[in-house]
Amino acid sequence: MVQRIIIDPVTRIEGHLKIEAEIENDRVIDAKSSGTLFRGLEIIARGRDPRDACHLVQRICGVCPIAHGTASILCLDDAFNVTPPANGRILRNLIQGSNYLMSHILHFYHLTALDYVKGPDTAPFIPRYEGDYRLPKEINDKAVEHYIQALDVRKKAHEMGAVFGAKMPHVTAYTAGGITETVTPEKISQFKTYLEEITSFINNVYVPDVLAVAGAYDDWFTIGAGCKNLLAYGAFRLTDQLDPDGQQQLFRRGIYTKGQYAPMDPKKITEEVKYSWYDDKSTGKYPGDGATVPAPGKKDAYSWLKAPRYDGMPYEVGPLSRQVVNKQREVMELGDKAFSVLGRHFARALETSQVAAAMKEWLDQLAPGQPCYEPFDIPKEGSGMGLHEASRGALGHWITIKDYKIENYQAVVPTTWNCGPRDDRGQRGPVEEALVGTQVKDPHNPIELVRIVRAFDPCIACAVHVLEIKGVSKEPMSFIV
């Protein structure tokens, strides 16, 4: 007999996500991932000064606004035909790096650790699904302590980013052509002090905690495989020259398809909407030509997320994708185990250490007193593309300018790739595919399903672009806001 489980909302993620799973003989035979919030940031951007874009789109998310700001200024660099000087490029890397460290620490300790670590029976550790908590008591209790310590470390990562970003989480120093900031020895020293403390926490606390969880829950290296197609746009530019192929970056651009590596061609990216609450006329379009036309109540649709596809296929994005595309040795040694819940956690932890180490080198490359941005002119007409990597995965922004104003703006974000619905051919999205085949021991306590979903680090506020408000009315009220 087929049983249906609905988890709505999935908690300890950013945003509003519903998961439906059909269970037969204790295993998931089908699944749906539904984004349940519409916000319309792309529509809000229309008709505005292009320079406003990088500040508007940071409001897409409060966890990864820096990535949206970075993708937007890369988009504007392209449209305005301007290249930042070395200081501008490095400062962008340092500000984005600060957000990576904060976000990855947030993800493990405050969004997913409580699936494996049992805290005391008090908020914020309850309510919870009851799991098979396996960590030895001493290690478990230390992990609870680290949960509290990580709150302070995250705060300091924000403060570190604000040294050059002016404020966090939504920075005001971003501009096309670089950063509106000056580099001084005092600021370098201040940033370095923060970085040393945060790096020590990453290498001596965060990574060992992930390894402890991996040792106790090693069967989760075989659960949640997903589609096994991986895509990365690349991030953290290492050159002041144009890099159209995205190879001169800390994390290089590329795809991994069923075991084969290949370059990534942005023109092969499309968004499909057969099962999304958007007008069918917008389906299958390249994002640069895309449209955001809401169609609430559309037959057979079940999500406000679109279904991005590369060359017609679903692709997972995120730290695992970046590490595999860049052939990171320790992740590659996992083999097929990398495609799993713990494979994703392991890749994220290693990446956090890599970014922190790179930031130390970038800090030493800054040149006090040298320019941080290049002046530019706004074209009357033009278009641009900004390909980047949020902490959660591949992030692309596209802009079209007409009469000096934004005519069209489109963002294809990591969680749209990962948590999107079926495409026009009925292919499941990566999270949906990762859920299929999973054993659920207790349908009334489906901790297995949320462990899989949270390993992708969903950010639904980014991914949905009718807010359902449930009150005393018997019928839910829908609003487009």
# chains A, B, ... in the order shown; residues from 1 in each chain; ligands from 1
>>> closest_atom_pairs(of="region 364-425 of chain A", to="region 75-82 of chain A", cutoff="8 Å", atoms="only C-alpha atoms", output="tab-separated table")
residue	atom	partner	partner_atom	distance
A:Glu374	CA	A:Val82	CA	7.0
A:Pro375	CA	A:Val82	CA	7.8
A:Phe376	CA	A:Val82	CA	6.3
A:Asp377	CA	A:Phe80	CA	6.6
A:Ile378	CA	A:Phe80	CA	6.0
A:Pro379	CA	A:Phe80	CA	6.4
A:Gly382	CA	A:Ala79	CA	5.7
A:Ser383	CA	A:Ala79	CA	4.9
A:Gly384	CA	A:Ala79	CA	4.2
A:Met385	CA	A:Cys75	CA	4.4
A:Gly386	CA	A:Cys75	CA	3.9
A:Leu387	CA	A:Cys75	CA	7.7
A:His397	CA	A:Cys75	CA	6.3
A:Trp398	CA	A:Cys75	CA	6.3
A:Ile399	CA	A:Cys75	CA	6.8
>>> residues_around(residues="Arg89 (chain A)", least_positions_apart="5", cutoff="12 Å", atoms="only C-alpha atoms", output="CSV table (one decimal) with all heavy atoms, in the first residue's frame")
chain,number,residue,atom,x,y,z
A,70,THR,N,27.6,39.8,-5.7
A,70,THR,CA,28.7,39.5,-6.5
A,70,THR,C,28.3,39.2,-7.9
A,70,THR,O,28.9,39.6,-8.9
A,70,THR,CB,29.6,38.4,-5.9
A,70,THR,OG1,30.0,38.8,-4.6
A,70,THR,CG2,30.8,38.1,-6.7
A,73,ILE,N,27.2,42.3,-9.7
A,73,ILE,CA,28.2,43.3,-10.2
A,73,ILE,C,29.1,42.6,-11.3
A,73,ILE,O,29.6,43.3,-12.2
A,73,ILE,CB,29.1,43.8,-9.0
A,73,ILE,CG1,29.7,42.7,-8.2
A,73,ILE,CG2,28.4,44.8,-8.2
A,73,ILE,CD1,30.6,43.2,-7.1
A,74,LEU,N,29.2,41.3,-11.3
A,74,LEU,CA,29.9,40.7,-12.4
A,74,LEU,C,29.0,40.9,-13.7
A,74,LEU,O,29.5,41.1,-14.8
A,74,LEU,CB,30.1,39.2,-12.2
A,74,LEU,CG,31.1,38.8,-11.1
A,74,LEU,CD1,31.0,37.3,-10.8
A,74,LEU,CD2,32.5,39.2,-11.4
A,77,ASP,N,29.6,44.4,-14.7
A,77,ASP,CA,30.9,44.6,-15.3
A,77,ASP,C,30.8,44.2,-16.8
A,77,ASP,O,31.4,44.9,-17.7
A,77,ASP,CB,31.9,43.6,-14.6
A,77,ASP,CG,32.3,44.1,-13.2
A,77,ASP,OD1,32.1,45.2,-12.9
A,77,ASP,OD2,33.0,43.3,-12.6
A,83,THR,N,36.5,46.4,-16.2
A,83,THR,CA,37.3,45.4,-15.4
A,83,THR,C,37.8,46.0,-14.2
A,83,THR,O,38.5,47.0,-14.2
A,83,THR,CB,38.4,44.8,-16.3
A,83,THR,OG1,37.9,44.3,-17.5
A,83,THR,CG2,39.2,43.8,-15.5
A,84,PRO,N,37.6,45.4,-13.0
A,84,PRO,CA,38.1,46.0,-11.7
A,84,PRO,C,39.6,45.9,-11.7
A,84,PRO,O,40.2,45.0,-12.3
A,84,PRO,CB,37.5,45.1,-10.7
A,84,PRO,CG,36.3,44.4,-11.3
A,84,PRO,CD,36.7,44.2,-12.8
A,94,LEU,N,37.5,38.6,-0.8
A,94,LEU,CA,37.6,38.6,0.6
A,94,LEU,C,36.2,38.8,1.3
A,94,LEU,O,35.9,38.1,2.2
A,94,LEU,CB,38.5,39.7,1.1
A,94,LEU,CG,40.0,39.4,0.9
A,94,LEU,CD1,40.8,40.7,1.2
A,94,LEU,CD2,40.5,38.2,1.6
A,95,ILE,N,35.4,39.7,0.7
A,95,ILE,CA,34.0,39.9,1.2
A,95,ILE,C,33.2,38.6,1.0
A,95,ILE,O,32.5,38.1,1.9
A,95,ILE,CB,33.4,41.1,0.5
A,95,ILE,CG1,34.1,42.4,0.9
A,95,ILE,CG2,31.9,41.2,0.9
A,95,ILE,CD1,33.8,43.6,0.1
A,96,GLN,N,33.3,38.1,-0.3
A,96,GLN,CA,32.6,36.8,-0.5
A,96,GLN,C,33.1,35.7,0.3
A,96,GLN,O,32.3,34.9,0.8
A,96,GLN,CB,32.7,36.5,-2.0
A,96,GLN,CG,32.0,35.2,-2.4
A,96,GLN,CD,30.5,35.2,-2.2
A,96,GLN,OE1,29.7,35.6,-3.1
A,96,GLN,NE2,30.0,34.8,-1.0
A,174,TYR,N,29.6,47.5,-2.8
A,174,TYR,CA,29.6,46.9,-4.1
A,174,TYR,C,29.3,47.9,-5.2
A,174,TYR,O,28.3,48.7,-5.1
A,174,TYR,CB,28.7,45.7,-4.2
A,174,TYR,CG,29.2,44.4,-3.8
A,174,TYR,CD1,28.5,43.2,-3.7
A,174,TYR,CD2,30.6,44.2,-3.5
A,174,TYR,CE1,29.0,42.0,-3.4
A,174,TYR,CE2,31.1,43.0,-3.1
A,174,TYR,CZ,30.3,41.9,-3.0
A,174,TYR,OH,30.8,40.7,-2.7
A,175,THR,N,30.0,47.8,-6.3
A,175,THR,CA,29.7,48.6,-7.5
A,175,THR,C,30.3,47.9,-8.7
A,175,THR,O,31.3,47.1,-8.6
A,175,THR,CB,30.3,50.0,-7.4
A,175,THR,OG1,30.0,50.8,-8.5
A,175,THR,CG2,31.9,50.0,-7.3
A,176,ALA,N,29.8,48.2,-9.9
A,176,ALA,CA,30.4,47.8,-11.1
A,176,ALA,C,31.8,48.4,-11.1
A,176,ALA,O,32.0,49.5,-10.7
A,176,ALA,CB,29.6,48.2,-12.3
A,177,GLY,N,32.8,47.6,-11.6
A,177,GLY,CA,34.1,48.1,-11.7
A,177,GLY,C,35.0,47.9,-10.5
A,177,GLY,O,36.1,48.3,-10.5
A,178,GLY,N,34.4,47.3,-9.4
A,178,GLY,CA,35.2,47.1,-8.2
A,178,GLY,C,34.5,47.2,-6.9
A,178,GLY,O,33.4,46.7,-6.8
A,179,ILE,N,35.1,47.9,-6.0
A,179,ILE,CA,34.6,48.1,-4.6
A,179,ILE,C,34.8,49.6,-4.2
A,179,ILE,O,35.9,50.2,-4.5
A,179,ILE,CB,35.3,47.2,-3.6
A,179,ILE,CG1,35.0,45.8,-3.9
A,179,ILE,CG2,34.9,47.6,-2.2
A,179,ILE,CD1,33.6,45.3,-3.6
A,180,THR,N,33.8,50.2,-3.6
A,180,THR,CA,33.9,51.6,-3.2
A,180,THR,C,34.5,51.6,-1.8
A,180,THR,O,33.9,52.0,-0.8
A,180,THR,CB,32.6,52.3,-3.2
A,180,THR,OG1,31.7,51.6,-2.3
A,180,THR,CG2,32.0,52.4,-4.6
A,181,GLU,N,35.8,51.2,-1.7
A,181,GLU,CA,36.4,51.1,-0.4
A,181,GLU,C,37.9,51.4,-0.6
A,181,GLU,O,38.4,51.4,-1.7
A,181,GLU,CB,36.3,49.7,0.1
A,181,GLU,CG,36.9,49.4,1.5
A,181,GLU,CD,36.4,50.3,2.6
A,181,GLU,OE1,35.4,50.1,3.2
A,181,GLU,OE2,37.1,51.4,2.7
A,235,ALA,N,34.3,30.3,-9.0
A,235,ALA,CA,34.2,31.5,-8.1
A,235,ALA,C,35.6,31.9,-7.7
A,235,ALA,O,36.6,31.0,-7.7
A,235,ALA,CB,33.3,31.2,-6.9
A,236,PHE,N,35.7,33.1,-7.2
A,236,PHE,CA,37.0,33.7,-6.6
A,236,PHE,C,38.0,33.8,-7.7
A,236,PHE,O,38.9,33.0,-7.9
A,236,PHE,CB,37.5,32.8,-5.5
A,236,PHE,CG,36.6,32.7,-4.3
A,236,PHE,CD1,35.9,31.5,-4.0
A,236,PHE,CD2,36.3,33.8,-3.5
A,236,PHE,CE1,35.1,31.4,-3.0
A,236,PHE,CE2,35.4,33.7,-2.5
A,236,PHE,CZ,34.8,32.5,-2.2
A,237,ARG,N,37.9,34.9,-8.5
A,237,ARG,CA,38.8,35.1,-9.6
A,237,ARG,C,40.2,35.4,-9.2
A,237,ARG,O,40.5,36.1,-8.2
A,237,ARG,CB,38.2,36.3,-10.4
A,237,ARG,CG,36.9,36.0,-11.0
A,237,ARG,CD,36.4,37.1,-12.0
A,237,ARG,NE,35.1,36.7,-12.6
A,237,ARG,CZ,34.6,37.3,-13.7
A,237,ARG,NH1,35.1,38.4,-14.2
A,237,ARG,NH2,33.4,36.8,-14.2
A,238,LEU,N,41.1,34.9,-9.9
A,238,LEU,CA,42.6,34.9,-9.6
A,238,LEU,C,43.3,35.8,-10.6
A,238,LEU,O,44.6,35.9,-10.5
A,238,LEU,CB,43.2,33.5,-9.5
A,238,LEU,CG,42.5,32.5,-8.6
A,238,LEU,CD1,43.1,31.2,-8.6
A,238,LEU,CD2,42.5,33.1,-7.1
A,239,THR,N,42.7,36.4,-11.6
A,239,THR,CA,43.4,37.1,-12.6
A,239,THR,C,42.6,38.4,-12.8
A,239,THR,O,41.4,38.5,-12.7
A,239,THR,CB,43.5,36.4,-13.9
A,239,THR,OG1,44.1,37.2,-14.9
A,239,THR,CG2,42.1,35.9,-14.4
A,240,ASP,N,43.4,39.5,-13.2
A,240,ASP,CA,42.8,40.8,-13.6
A,240,ASP,C,42.4,40.8,-15.1
A,240,ASP,O,41.9,41.8,-15.5
A,240,ASP,CB,43.7,41.9,-13.2
A,240,ASP,CG,44.0,42.0,-11.7
A,240,ASP,OD1,43.1,41.7,-11.0
A,240,ASP,OD2,45.2,42.2,-11.4
A,241,GLN,N,42.7,39.8,-15.8
A,241,GLN,CA,42.4,39.7,-17.2
A,241,GLN,C,41.0,39.0,-17.4
A,241,GLN,O,40.5,38.4,-16.5
A,241,GLN,CB,43.5,38.9,-18.0
A,241,GLN,CG,44.9,39.3,-17.7
A,241,GLN,CD,45.1,40.8,-18.1
A,241,GLN,OE1,44.7,41.3,-19.1
A,241,GLN,NE2,45.8,41.6,-17.2
A,242,LEU,N,40.5,39.2,-18.6
A,242,LEU,CA,39.2,38.6,-18.9
A,242,LEU,C,39.4,37.0,-18.9
A,242,LEU,O,40.4,36.5,-19.3
A,242,LEU,CB,38.7,39.0,-20.3
A,242,LEU,CG,38.3,40.5,-20.4
A,242,LEU,CD1,37.9,40.8,-21.8
A,242,LEU,CD2,37.2,40.8,-19.4
A,249,GLN,N,40.2,30.7,-11.7
A,249,GLN,CA,39.5,31.0,-10.5
A,249,GLN,C,39.9,29.9,-9.4
A,249,GLN,O,40.4,28.8,-9.8
A,249,GLN,CB,38.0,30.9,-10.7
A,249,GLN,CG,37.4,31.8,-11.8
A,249,GLN,CD,35.9,31.7,-11.9
A,249,GLN,OE1,35.2,32.5,-11.2
A,249,GLN,NE2,35.4,30.9,-12.7
A,362,TRP,N,45.2,36.0,-0.3
A,362,TRP,CA,44.6,37.2,-0.9
A,362,TRP,C,44.9,38.5,-0.1
A,362,TRP,O,45.2,39.6,-0.6
A,362,TRP,CB,43.1,37.1,-1.2
A,362,TRP,CG,42.8,35.9,-2.1
A,362,TRP,CD1,43.6,35.5,-3.1
A,362,TRP,CD2,41.6,35.1,-2.1
A,362,TRP,NE1,43.0,34.4,-3.8
A,362,TRP,CE2,41.8,34.2,-3.2
A,362,TRP,CE3,40.5,35.1,-1.4
A,362,TRP,CZ2,40.8,33.2,-3.5
A,362,TRP,CZ3,39.5,34.2,-1.6
A,362,TRP,CH2,39.6,33.3,-2.7
A,363,LEU,N,44.8,38.4,1.2
A,363,LEU,CA,45.0,39.5,2.1
A,363,LEU,C,46.4,40.1,1.9
A,363,LEU,O,46.6,41.3,1.9
A,363,LEU,CB,44.7,39.1,3.5
A,363,LEU,CG,44.5,40.2,4.6
A,363,LEU,CD1,43.2,41.0,4.2
A,363,LEU,CD2,44.3,39.5,5.9
A,365,GLN,N,48.0,40.1,-0.7
A,365,GLN,CA,48.2,40.6,-2.1
A,365,GLN,C,47.6,42.0,-2.2
A,365,GLN,O,47.8,42.7,-3.2
A,365,GLN,CB,47.5,39.7,-3.1
A,365,GLN,CG,48.1,38.3,-3.2
A,365,GLN,CD,47.3,37.4,-4.0
A,365,GLN,OE1,46.3,37.8,-4.7
A,365,GLN,NE2,47.6,36.1,-4.0
A,366,LEU,N,46.9,42.5,-1.2
A,366,LEU,CA,46.3,43.9,-1.3
A,366,LEU,C,47.4,44.9,-1.3
A,366,LEU,O,48.4,44.8,-0.6
A,366,LEU,CB,45.4,44.1,-0.1
A,366,LEU,CG,44.0,43.4,-0.1
A,366,LEU,CD1,43.3,43.6,1.2
A,366,LEU,CD2,43.2,43.9,-1.3
A,367,ALA,N,47.2,46.0,-2.0
A,367,ALA,CA,48.1,47.1,-2.1
A,367,ALA,C,47.5,48.4,-1.5
A,367,ALA,O,46.7,49.0,-2.2
A,367,ALA,CB,48.5,47.3,-3.6
A,371,PRO,N,44.1,52.0,-6.4
A,371,PRO,CA,42.6,52.1,-6.7
A,371,PRO,C,41.9,50.7,-6.4
A,371,PRO,O,42.5,49.7,-6.5
A,371,PRO,CB,42.6,52.4,-8.2
A,371,PRO,CG,43.9,53.0,-8.5
A,371,PRO,CD,44.9,52.3,-7.5
A,372,CYS,N,40.6,50.9,-6.0
A,372,CYS,CA,39.8,49.7,-5.8
A,372,CYS,C,38.7,49.6,-6.8
A,372,CYS,O,37.9,48.6,-6.7
A,372,CYS,CB,39.3,49.7,-4.4
A,372,CYS,SG,40.5,49.6,-3.1
A,373,TYR,N,38.5,50.6,-7.6
A,373,TYR,CA,37.5,50.4,-8.7
A,373,TYR,C,37.9,51.2,-9.9
A,373,TYR,O,38.7,52.1,-9.8
A,373,TYR,CB,36.1,50.9,-8.2
A,373,TYR,CG,35.9,52.4,-8.1
A,373,TYR,CD1,35.3,53.1,-9.1
A,373,TYR,CD2,36.4,53.1,-6.9
A,373,TYR,CE1,35.2,54.5,-9.0
A,373,TYR,CE2,36.2,54.5,-6.8
A,373,TYR,CZ,35.6,55.1,-7.9
A,373,TYR,OH,35.5,56.5,-7.8
A,374,GLU,N,37.3,50.9,-11.0
A,374,GLU,CA,37.5,51.5,-12.3
A,374,GLU,C,36.3,52.3,-12.7
A,374,GLU,O,35.2,51.7,-12.7
A,374,GLU,CB,37.8,50.4,-13.4
A,374,GLU,CG,38.2,51.0,-14.7
A,374,GLU,CD,39.5,51.7,-14.8
A,374,GLU,OE1,40.4,51.4,-13.9
A,374,GLU,OE2,39.7,52.5,-15.7
>>> residues_around(residues="Pro127 (chain A)", least_positions_apart="6", cutoff="12 Å", atoms="only C-alpha atoms", output="PyMOL selection string")
chain A and resi 11-12+114-115+118-121
>>> closest_atom_pairs(of="region 211-317 of chain A", to="region 321-342 of chain A", cutoff="8 Å", atoms="only C-alpha atoms", output="tab-separated table")
residue	atom	partner	partner_atom	distance
A:Ala214	CA	A:Leu342	CA	6.4
A:Asp218	CA	A:Leu342	CA	7.8
A:Trp220	CA	A:Leu342	CA	5.7
A:Phe221	CA	A:Lys337	CA	5.0
A:Thr222	CA	A:Ser340	CA	5.8
A:Ile223	CA	A:Ser340	CA	5.3
A:Gly224	CA	A:Ser340	CA	4.8
A:Ala225	CA	A:Phe339	CA	4.6
A:Gly226	CA	A:Phe339	CA	7.0
A:Lys228	CA	A:Phe339	CA	6.7
A:Leu230	CA	A:Ser321	CA	5.0
A:Leu231	CA	A:Ser321	CA	5.8
A:Ala232	CA	A:Arg322	CA	5.6
A:Gly234	CA	A:Arg322	CA	7.4
A:Phe251	CA	A:Arg322	CA	6.4
A:Arg252	CA	A:Asn326	CA	6.3
A:Arg253	CA	A:Val325	CA	7.5
A:Gly254	CA	A:Val325	CA	6.0
A:Ile255	CA	A:Val325	CA	6.2
A:Tyr256	CA	A:Val325	CA	6.2
A:Tyr261	CA	A:Val325	CA	7.4
A:Glu316	CA	A:Ser321	CA	6.8
A:Val317	CA	A:Ser321	CA	5.3
>>> closest_residue(among="A:Thr112, A:Asn87, A:Thr36, A:Thr438", to="Thr182 (chain A)", atoms="only C-alpha atoms")
A:Asn87
>>> closest_atom_pairs(of="region 32-139 of chain A", to="region 290-310 of chain A", cutoff="12 Å", atoms="only C-alpha atoms", output="CSV")
residue,atom,partner,partner_atom,distance
A:Lys32,CA,A:Tyr302,CA,8.1
A:Ser33,CA,A:Ser303,CA,7.4
A:Ser34,CA,A:Ser303,CA,4.4
A:Gly35,CA,A:Ser303,CA,4.9
A:Thr36,CA,A:Trp304,CA,6.0
A:Leu37,CA,A:Trp304,CA,6.4
A:Phe38,CA,A:Trp304,CA,6.2
A:Arg39,CA,A:Trp304,CA,9.5
A:Gly40,CA,A:Thr292,CA,7.8
A:Leu41,CA,A:Thr292,CA,9.7
A:Glu42,CA,A:Thr292,CA,7.2
A:Ile43,CA,A:Thr292,CA,7.1
A:Ile44,CA,A:Thr292,CA,10.8
A:Ala45,CA,A:Thr292,CA,11.6
A:Arg46,CA,A:Thr292,CA,11.1
>>> write_last_selection(atoms="all heavy atoms", output="mmCIF file, in the first residue's frame")
data_model
loop_
_atom_site.group_PDB
_atom_site.id
_atom_site.type_symbol
_atom_site.label_atom_id
_atom_site.label_comp_id
_atom_site.auth_asym_id
_atom_site.auth_seq_id
_atom_site.Cartn_x
_atom_site.Cartn_y
_atom_site.Cartn_z
ATOM 1 N N LYS A 32 8.211 14.891 -4.422
ATOM 2 C CA LYS A 32 8.036 16.222 -4.987
ATOM 3 C C LYS A 32 8.625 17.248 -4.026
ATOM 4 O O LYS A 32 8.417 17.175 -2.810
ATOM 5 C CB LYS A 32 6.549 16.542 -5.216
ATOM 6 C CG LYS A 32 5.906 15.770 -6.350
ATOM 7 C CD LYS A 32 4.459 16.202 -6.533
ATOM 8 C CE LYS A 32 3.806 15.466 -7.695
ATOM 9 N NZ LYS A 32 2.383 15.879 -7.867
ATOM 10 N N SER A 33 9.346 18.208 -4.598
ATOM 11 C CA SER A 33 9.910 19.322 -3.840
ATOM 12 C C SER A 33 9.199 20.592 -4.274
ATOM 13 O O SER A 33 9.196 20.927 -5.465
ATOM 14 C CB SER A 33 11.421 19.427 -4.107
ATOM 15 O OG SER A 33 11.948 20.620 -3.592
ATOM 16 N N SER A 34 8.586 21.302 -3.311
ATOM 17 C CA SER A 34 7.743 22.449 -3.653
ATOM 18 C C SER A 34 8.201 23.704 -2.923
ATOM 19 O O SER A 34 8.213 23.746 -1.692
ATOM 20 C CB SER A 34 6.279 22.175 -3.278
ATOM 21 O OG SER A 34 5.809 20.989 -3.876
ATOM 22 N N GLY A 35 8.573 24.718 -3.684
ATOM 23 C CA GLY A 35 8.795 26.041 -3.117
ATOM 24 C C GLY A 35 7.460 26.750 -3.010
ATOM 25 O O GLY A 35 6.725 26.844 -3.994
ATOM 26 N N THR A 36 7.119 27.251 -1.805
ATOM 27 C CA THR A 36 5.752 27.715 -1.563
ATOM 28 C C THR A 36 5.641 29.222 -1.384
ATOM 29 O O THR A 36 4.648 29.711 -0.851
ATOM 30 C CB THR A 36 5.174 27.011 -0.321
ATOM 31 O OG1 THR A 36 6.009 27.295 0.810
ATOM 32 C CG2 THR A 36 5.112 25.509 -0.539
ATOM 33 N N LEU A 37 6.643 29.963 -1.835
ATOM 34 C CA LEU A 37 6.613 31.419 -1.668
ATOM 35 C C LEU A 37 7.016 32.103 -2.961
ATOM 36 O O LEU A 37 7.987 31.712 -3.608
ATOM 37 C CB LEU A 37 7.577 31.834 -0.557
ATOM 38 C CG LEU A 37 7.786 33.334 -0.324
ATOM 39 C CD1 LEU A 37 6.523 33.957 0.264
ATOM 40 C CD2 LEU A 37 8.966 33.553 0.620
ATOM 41 N N PHE A 38 6.255 33.127 -3.349
ATOM 42 C CA PHE A 38 6.602 33.934 -4.525
ATOM 43 C C PHE A 38 6.947 35.341 -4.064
ATOM 44 O O PHE A 38 6.231 35.917 -3.247
ATOM 45 C CB PHE A 38 5.417 34.001 -5.500
ATOM 46 C CG PHE A 38 5.652 34.941 -6.664
ATOM 47 C CD1 PHE A 38 6.294 34.503 -7.805
ATOM 48 C CD2 PHE A 38 5.258 36.261 -6.598
ATOM 49 C CE1 PHE A 38 6.523 35.370 -8.868
ATOM 50 C CE2 PHE A 38 5.482 37.135 -7.655
ATOM 51 C CZ PHE A 38 6.116 36.684 -8.785
ATOM 52 N N ARG A 39 8.071 35.910 -4.581
ATOM 53 C CA ARG A 39 8.456 37.250 -4.144
ATOM 54 C C ARG A 39 8.680 38.234 -5.287
ATOM 55 O O ARG A 39 8.460 39.423 -5.132
ATOM 56 C CB ARG A 39 9.705 37.178 -3.265
ATOM 57 C CG ARG A 39 9.445 36.363 -1.994
ATOM 58 C CD ARG A 39 10.555 36.528 -1.003
ATOM 59 N NE ARG A 39 11.843 36.229 -1.610
ATOM 60 C CZ ARG A 39 12.982 36.802 -1.241
ATOM 61 N NH1 ARG A 39 12.997 37.704 -0.303
ATOM 62 N NH2 ARG A 39 14.113 36.455 -1.809
ATOM 63 N N GLY A 40 9.187 37.803 -6.425
ATOM 64 C CA GLY A 40 9.231 38.679 -7.586
ATOM 65 C C GLY A 40 10.318 39.726 -7.611
ATOM 66 O O GLY A 40 10.114 40.824 -8.129
ATOM 67 N N LEU A 41 11.504 39.427 -7.062
ATOM 68 C CA LEU A 41 12.600 40.407 -7.093
ATOM 69 C C LEU A 41 12.994 40.772 -8.511
ATOM 70 O O LEU A 41 13.382 41.912 -8.785
ATOM 71 C CB LEU A 41 13.814 39.854 -6.344
ATOM 72 C CG LEU A 41 13.971 40.253 -4.867
ATOM 73 C CD1 LEU A 41 14.247 41.728 -4.718
ATOM 74 C CD2 LEU A 41 12.766 39.859 -4.031
ATOM 75 N N GLU A 42 12.894 39.819 -9.427
ATOM 76 C CA GLU A 42 13.255 40.105 -10.817
ATOM 77 C C GLU A 42 12.291 41.121 -11.432
ATOM 78 O O GLU A 42 12.694 41.964 -12.248
ATOM 79 C CB GLU A 42 13.250 38.803 -11.631
ATOM 80 C CG GLU A 42 14.291 37.799 -11.158
ATOM 81 C CD GLU A 42 13.982 36.382 -11.592
ATOM 82 O OE1 GLU A 42 12.788 36.020 -11.626
ATOM 83 O OE2 GLU A 42 14.918 35.643 -11.905
ATOM 84 N N ILE A 43 11.028 41.055 -11.030
ATOM 85 C CA ILE A 43 10.035 42.015 -11.519
ATOM 86 C C ILE A 43 10.292 43.388 -10.906
ATOM 87 O O ILE A 43 10.197 44.419 -11.584
ATOM 88 C CB ILE A 43 8.619 41.509 -11.189
ATOM 89 C CG1 ILE A 43 8.351 40.184 -11.910
ATOM 90 C CG2 ILE A 43 7.573 42.554 -11.574
ATOM 91 C CD1 ILE A 43 7.049 39.520 -11.509
ATOM 92 N N ILE A 44 10.648 43.417 -9.626
ATOM 93 C CA ILE A 44 10.928 44.685 -8.947
ATOM 94 C C ILE A 44 12.080 45.436 -9.612
ATOM 95 O O ILE A 44 12.100 46.676 -9.639
ATOM 96 C CB ILE A 44 11.232 44.412 -7.457
ATOM 97 C CG1 ILE A 44 9.967 43.914 -6.748
ATOM 98 C CG2 ILE A 44 11.770 45.656 -6.757
ATOM 99 C CD1 ILE A 44 10.212 43.424 -5.332
ATOM 100 N N ALA A 45 13.051 44.710 -10.166
ATOM 101 C CA ALA A 45 14.230 45.351 -10.763
ATOM 102 C C ALA A 45 13.914 46.088 -12.063
ATOM 103 O O ALA A 45 14.657 47.008 -12.446
ATOM 104 C CB ALA A 45 15.313 44.300 -11.023
ATOM 105 N N ARG A 46 12.845 45.729 -12.742
ATOM 106 C CA ARG A 46 12.554 46.324 -14.045
ATOM 107 C C ARG A 46 12.339 47.829 -13.938
ATOM 108 O O ARG A 46 11.697 48.327 -13.011
ATOM 109 C CB ARG A 46 11.304 45.693 -14.656
ATOM 110 C CG ARG A 46 11.457 44.241 -15.030
ATOM 111 C CD ARG A 46 10.129 43.709 -15.560
ATOM 112 N NE ARG A 46 10.106 42.250 -15.639
ATOM 113 C CZ ARG A 46 8.995 41.536 -15.728
ATOM 114 N NH1 ARG A 46 7.813 42.139 -15.743
ATOM 115 N NH2 ARG A 46 9.054 40.220 -15.800
#
>>> closest_residue(among="A:Tyr315, A:Phe125, A:Tyr194, A:Tyr409", to="Ile269 (chain A)", atoms="only C-alpha atoms")
A:Tyr315
>>> closest_residue(among="A:Gly369, A:Pro65, A:Pro443, A:Gly288", to="Thr270 (chain A)", atoms="only C-alpha atoms")
A:Gly288
>>> residues_around(residues="region 21-27 of chain A", least_positions_apart="6", cutoff="6 Å", atoms="only C-alpha atoms", output="list in words")
Val2, Gln3, Arg4, Ile5, Gly437, Thr438, Gln439 and Val440 of chain A
>>> atom_distance(atom1="CA of Arg51 (chain A)", atom2="CA of Lys187 (chain A)")
26.4 Å
>>> select_by_dssp(residues="region 301-480 of chain A", states="strand (DSSP E)", output="ChimeraX atom specification")
/A:307-310,381-390,393-402,405-412,467-469,477-479
>>> closest_residue(among="A:Ala390, A:Ile90, A:Ala455, A:Cys64", to="Phe108 (chain A)", atoms="only C-alpha atoms")
A:Ala455
>>> atom_distance(atom1="CA of Gly420 (chain A)", atom2="CA of Ala113 (chain A)")
24.4 Å
